[in-house]
Amino acid sequence: MIQQDAEPRPVERRENTRVDERTALSGGPAPAPARFDQTEHTEQAAQSTAGVDQRERVVTDQAGLAHRERTTHDVAAEHRQKLLKVSQVIWLFVGTVEVLIGLRVLLKLIGANPANDFAGFVYNSAGVFLAPFLDLTGSPSSGSIVLEIPSLIAMLVHALVGWGVVRWILPLFDRQTTRSTSTYDRYRS
């Protein structure tokens, strides 16, 4: 059994920086060198075993301006986004296969000419996904009209396999998620 820490492990760092150094580091123009106001930086970081990274940064200058920024970053949220994308790709693939097989069933029902380019493309493309099912049952026909029962079974099986992968396999890789960022500015009187 995996245990989670009740309290995150804090890490604190303090440093004093001159205003001209802080501005130069941020890429902005450096102020006049005659002024040397001191600024205090305080950073705290905490990580939990659940993959949540919390950081708090406080910058206080001599004028009493305190800028506080809290960030909670959940690594599992990024992982969940990746799983969502994988799920969408799976459903896109299953949907494309279903449309191809459905078009094949429809074209066979209306007796479309297999020598036609579009009908030939649909028959050949869908045939790749129908190969395991073609000899499963017979297909009733009347003249050039054919009801392909194996194609309907293949549509059902492909939909169930896609649903099973998204519903049962992808959640095995899921983690709990949270993410928030807060910024506060406080002035001292």
# chains A, B, ... in the order shown; residues from 1 in each chain; ligands from 1
>>> select_by_dssp(residues="range 116-158 of chain A", states="alpha helix (DSSP H)", output="ChimeraX atom specification")
/A:117-130,149-158
>>> write_last_selection(atoms="C-alpha atoms", output="CSV table (one decimal), in the first residue's frame")
chain,number,residue,atom,x,y,z
A,117,ASP,CA,-13.8,4.5,-58.2
A,118,PHE,CA,-15.5,5.7,-55.0
A,119,ALA,CA,-17.2,2.3,-54.4
A,120,GLY,CA,-14.0,0.5,-55.0
A,121,PHE,CA,-12.1,2.7,-52.6
A,122,VAL,CA,-14.7,2.1,-49.9
A,123,TYR,CA,-14.8,-1.6,-50.5
A,124,ASN,CA,-11.0,-2.0,-50.4
A,125,SER,CA,-10.5,0.4,-47.4
A,126,ALA,CA,-13.2,-1.3,-45.3
A,127,GLY,CA,-12.1,-4.7,-46.4
A,128,VAL,CA,-8.9,-4.4,-44.3
A,129,PHE,CA,-11.0,-4.1,-41.1
A,130,LEU,CA,-13.5,-6.8,-42.2
A,149,ILE,CA,-24.2,-9.4,-41.8
A,150,PRO,CA,-20.4,-9.8,-41.2
A,151,SER,CA,-19.9,-6.1,-41.7
A,152,LEU,CA,-22.6,-5.2,-39.2
A,153,ILE,CA,-20.9,-7.6,-36.7
A,154,ALA,CA,-17.5,-6.0,-37.4
A,155,MET,CA,-19.0,-2.6,-36.7
A,156,LEU,CA,-20.3,-3.8,-33.3
A,157,VAL,CA,-17.0,-5.5,-32.4
A,158,HIS,CA,-14.9,-2.5,-33.4
>>> residues_around(residues="Glu98 in chain A", least_positions_apart="2", cutoff="8 Å", atoms="only C-alpha atoms", output="list in words")
Val94, Gly95, Thr96, Leu100, Ile101, Gly102, Met155, His158 and Ala159 of chain A
>>> residues_around(residues="Phe173 in chain A", least_positions_apart="3", cutoff="10 Å", atoms="only C-alpha atoms", output="list of chain:residue names")
A:Ala76, A:His79, A:Arg80, A:Leu83, A:Ile169, A:Leu170
>>> write_last_selection(atoms="all heavy atoms", output="compact mmCIF listing (two decimals), in the first residue's frame")
# COMPACT_ATOMS: atom_id res chain seq x y z
N ALA A 76 -0.02 15.20 -12.32
CA ALA A 76 -1.04 14.27 -12.80
C ALA A 76 -2.02 14.94 -13.75
O ALA A 76 -2.58 14.29 -14.62
CB ALA A 76 -1.80 13.67 -11.61
N HIS A 79 -0.63 14.63 -17.08
CA HIS A 79 -0.77 13.23 -17.50
C HIS A 79 -2.20 12.94 -17.96
O HIS A 79 -2.40 12.26 -18.96
CB HIS A 79 -0.37 12.32 -16.33
CG HIS A 79 -0.35 10.88 -16.68
ND1 HIS A 79 0.61 10.33 -17.49
CD2 HIS A 79 -1.18 9.86 -16.34
CE1 HIS A 79 0.37 9.05 -17.63
NE2 HIS A 79 -0.71 8.74 -16.94
N ARG A 80 -3.17 13.49 -17.25
CA ARG A 80 -4.57 13.29 -17.62
C ARG A 80 -4.87 13.94 -18.98
O ARG A 80 -5.63 13.39 -19.78
CB ARG A 80 -5.50 13.86 -16.56
CG ARG A 80 -6.97 13.67 -16.94
CD ARG A 80 -7.89 14.07 -15.85
NE ARG A 80 -7.98 12.95 -14.93
CZ ARG A 80 -8.42 13.04 -13.70
NH1 ARG A 80 -8.81 14.20 -13.23
NH2 ARG A 80 -8.50 12.00 -12.93
N LEU A 83 -3.72 11.56 -21.57
CA LEU A 83 -4.65 10.44 -21.71
C LEU A 83 -5.91 10.86 -22.46
O LEU A 83 -6.48 10.07 -23.22
CB LEU A 83 -5.02 9.87 -20.34
CG LEU A 83 -3.93 9.09 -19.63
CD1 LEU A 83 -4.40 8.62 -18.27
CD2 LEU A 83 -3.48 7.91 -20.46
N ILE A 169 -8.98 0.44 -20.09
CA ILE A 169 -7.52 0.38 -20.10
C ILE A 169 -6.90 1.74 -19.80
O ILE A 169 -6.00 1.85 -18.97
CB ILE A 169 -7.00 -0.18 -21.44
CG1 ILE A 169 -7.44 -1.64 -21.56
CG2 ILE A 169 -5.49 -0.06 -21.54
CD1 ILE A 169 -7.08 -2.31 -22.85
N LEU A 170 -7.36 2.83 -20.44
CA LEU A 170 -6.79 4.15 -20.19
C LEU A 170 -6.91 4.61 -18.74
O LEU A 170 -5.97 5.20 -18.21
CB LEU A 170 -7.39 5.19 -21.13
CG LEU A 170 -6.95 5.10 -22.59
CD1 LEU A 170 -7.58 6.21 -23.40
CD2 LEU A 170 -5.45 5.13 -22.74
>>> atom_distance(atom1="CA of Lys85 in chain A", atom2="CA of Val52 in chain A")
21.7 Å
>>> closest_residue(among="A:Ser87, A:Ser139, A:Asn116, A:Gln54", to="Pro171 in chain A", atoms="only C-alpha atoms")
A:Ser87
